[in-house]
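S.K.: My structure is below; once you've seen it, I'll send some questions.
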Amino acid sequence: MTDVVQGPFRNEEALRRLKKRRAADVRFRAYGLSAIAFALLALSLLVASIGYQAISAATYHVVKFDVMLDPAIIAPEGEDSPSDISRNVDGFYSLLRSDLLETFPDAADDRLSRLRLGDLVTRLAVLPTARSVAENPTRVGREMRITVPLNDDLDLYLKGAISRDARVRIGEIESVSEVTENEVRLSGALAFRGLESLMSTLRADEGSTVDTRSILLTSGSATGRVTSLESGAANITMLAGAMDAFRGARPVARIIALPETERNVSDQQIAWTLALKDMGRISRVPHLSLLTNTDSTYPEIAGALAAIVGSLLTMLVTAFIAIPVGILASIYLEEFAPRNRLTEIIEVNINNLAAVPSIVFGLLGAAVFLGFFGLPRSAPLVGGLVLALMTLPTIIIASRAALKSVPPSIRAAALGVGASKMQSVFHHVLPLAGPGILTGAILGMARALGETAPLLLIGMVAFVADVPDSPTDEATALPVLIFSWSTNAERAWEPMTAAVIVILLIFLVIMNGIVVLLRRRFERRW
């Protein structure tokens, strides 16, 4: 028989090289999968972090008041026009304070208690009610239910965001006796064993600092602060309600994690809040005012409506300028412009402008549109012009890439049947490149929607309390609002900022979703 001749690819060296190449392929595939997994993990952590902070702002606590709209307070003689009623915030607020003083009459004894009681709700929280009554003045003189947001610090306390209370239900209280005017002694065999055990555990874990914390006993609408704790007995200072509420009850003991001196809310305010909640006057509801209110210095009544409308107006101006100019410029450069030195310089500069930091466009807008042309500061018109300049290079580059992807045979066939150059481009090439062009335009708009630096430089960081009606009105935008709220010191702004970030991400996801739909619907493969 004839022996099989060894070919150049069947020797040991060739097999080793083949094995090495296959191992390199496997490693490359593993590197790619690892990169994708890492990107998904990072994205998941980002979304989870933002969502965890924003979930607290999805709901908030409100307080209900059933009050009589006294004409002497709401619409006094000479100040009873709808415009006067809508501005009479102090009158409506005084009704709420009077109702709270009727609920907690002990607070009327000293000025500090009255101030703390009034701080349960913000003065400006009654503004929507004042405007509603001004639209229908026949409500004056009638009883009305007013619902206002709870103070932001107390809202965070009820959500457990300020400090996590250690809670334990103690045993049955057998006897209640008054020691002094506001001091009460509670007794019960083994009633406080659970509380003593919890305090011992906390001391072992955290040291003697536990003894500086407030211990509140709550039974129904009554709350008292523990001043001394003994085996089978405890002395409390009554903060809200009557001492009879403890007789025969099994109160809940709350060990507040932060001492009173380190909190923005006092033990007294916590007691009032727990009492109102037990009465059914405090409830947790969806935070819809985040989408219906405008900006405010108080987080419990602040909203993002003005920023949402400002962003939409800014994007409209950007789209009306950047998209048509960018598409027409790309068509000319790709299809009609002569290939000479000037065209090359223009193309190089467009590519360079796409990499210029956005803050440079903000400086340009501040110098040209505000300084030279004198356009209104902090207006969506100026913001749209600046973002249009920033977005133009991206749209031009993406549109040219889409035009290049159309096979030259399409152009040749159109010219072969007698079409002019203009007809071949606009009747044949442009419809086929349309999905790619729209994809680039929407992605450029999505980038512009999230820009902050250019808008800061043209003054859109201003506090805006009214919803803009036109592109020339004073306005702000979602990225600027996020920046502004994130710099505020109060703890309540953190979940609010995260919630606005979620709103901005929803807009971006919608825009990117439109890109995917357009690509799948109209894209052709050659």
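For the structure tokens, the naming scheme is as follows: chains receive sequential letters (A, B, ...) according to their order of presentation, residues are indexed from 1 within each chain, and ligands are indexed from 1 in presentation order.
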Which polymer residues have any atom within 8 Å of an atom of region 362-374 of chain A, counting only C-alpha atoms, with same-chain residues fewer than 6 positions away left out, as number ranges by chain?
M.R.: A: 382, 385-386, 453-458
S.K.: Please identify all polymer residues within 7 Å of Ile282 (chain A), counting only C-alpha atoms, omitting same-chain residues fewer than 2 positions from it, and present them as a ChimeraX atom specification.
M.R.: /A:61-64,276-277,280
S.K.: Please produce a file of the residues just selected, as a tab-separated table (two decimals), in the first residue's frame, where the atoms kept are all heavy atoms.
M.R.:
chain	number	residue	atom	x	y	z
A	61	HIS	N	-45.63	61.14	54.36
A	61	HIS	CA	-46.71	61.18	55.33
A	61	HIS	C	-47.43	62.54	55.26
A	61	HIS	O	-46.79	63.58	55.12
A	61	HIS	CB	-46.17	60.96	56.75
A	61	HIS	CG	-45.67	59.56	56.99
A	61	HIS	ND1	-44.38	59.17	56.70
A	61	HIS	CD2	-46.31	58.45	57.48
A	61	HIS	CE1	-44.24	57.89	57.00
A	61	HIS	NE2	-45.37	57.44	57.48
A	62	VAL	N	-48.74	62.48	55.35
A	62	VAL	CA	-49.55	63.69	55.34
A	62	VAL	C	-50.42	63.72	56.60
A	62	VAL	O	-50.72	62.68	57.20
A	62	VAL	CB	-50.45	63.76	54.08
A	62	VAL	CG1	-49.60	63.87	52.82
A	62	VAL	CG2	-51.37	62.54	54.00
A	63	VAL	N	-50.81	64.93	57.01
A	63	VAL	CA	-51.64	65.14	58.19
A	63	VAL	C	-52.99	65.70	57.74
A	63	VAL	O	-53.04	66.59	56.89
A	63	VAL	CB	-50.97	66.13	59.17
A	63	VAL	CG1	-51.73	66.13	60.50
A	63	VAL	CG2	-49.52	65.77	59.39
A	64	LYS	N	-54.05	65.19	58.33
A	64	LYS	CA	-55.40	65.63	57.97
A	64	LYS	C	-55.96	66.56	59.05
A	64	LYS	O	-55.82	66.28	60.25
A	64	LYS	CB	-56.33	64.43	57.80
A	64	LYS	CG	-55.86	63.44	56.74
A	64	LYS	CD	-56.69	62.17	56.77
A	64	LYS	CE	-56.14	61.14	55.79
A	64	LYS	NZ	-56.86	59.85	55.88
A	276	LEU	N	-50.95	61.59	66.73
A	276	LEU	CA	-51.75	61.88	65.53
A	276	LEU	C	-51.87	60.65	64.64
A	276	LEU	O	-52.93	60.40	64.05
A	276	LEU	CB	-51.10	63.03	64.74
A	276	LEU	CG	-51.18	64.42	65.37
A	276	LEU	CD1	-50.35	65.41	64.57
A	276	LEU	CD2	-52.63	64.91	65.46
A	277	LYS	N	-50.81	59.86	64.57
A	277	LYS	CA	-50.88	58.64	63.78
A	277	LYS	C	-51.85	57.64	64.39
A	277	LYS	O	-52.60	56.96	63.68
A	277	LYS	CB	-49.48	58.02	63.67
A	277	LYS	CG	-49.40	56.86	62.69
A	277	LYS	CD	-47.98	56.36	62.53
A	277	LYS	CE	-47.92	55.23	61.52
A	277	LYS	NZ	-46.54	54.69	61.36
A	280	GLY	N	-55.35	58.30	63.54
A	280	GLY	CA	-55.70	58.12	62.14
A	280	GLY	C	-55.57	59.38	61.31
A	280	GLY	O	-56.04	59.42	60.16
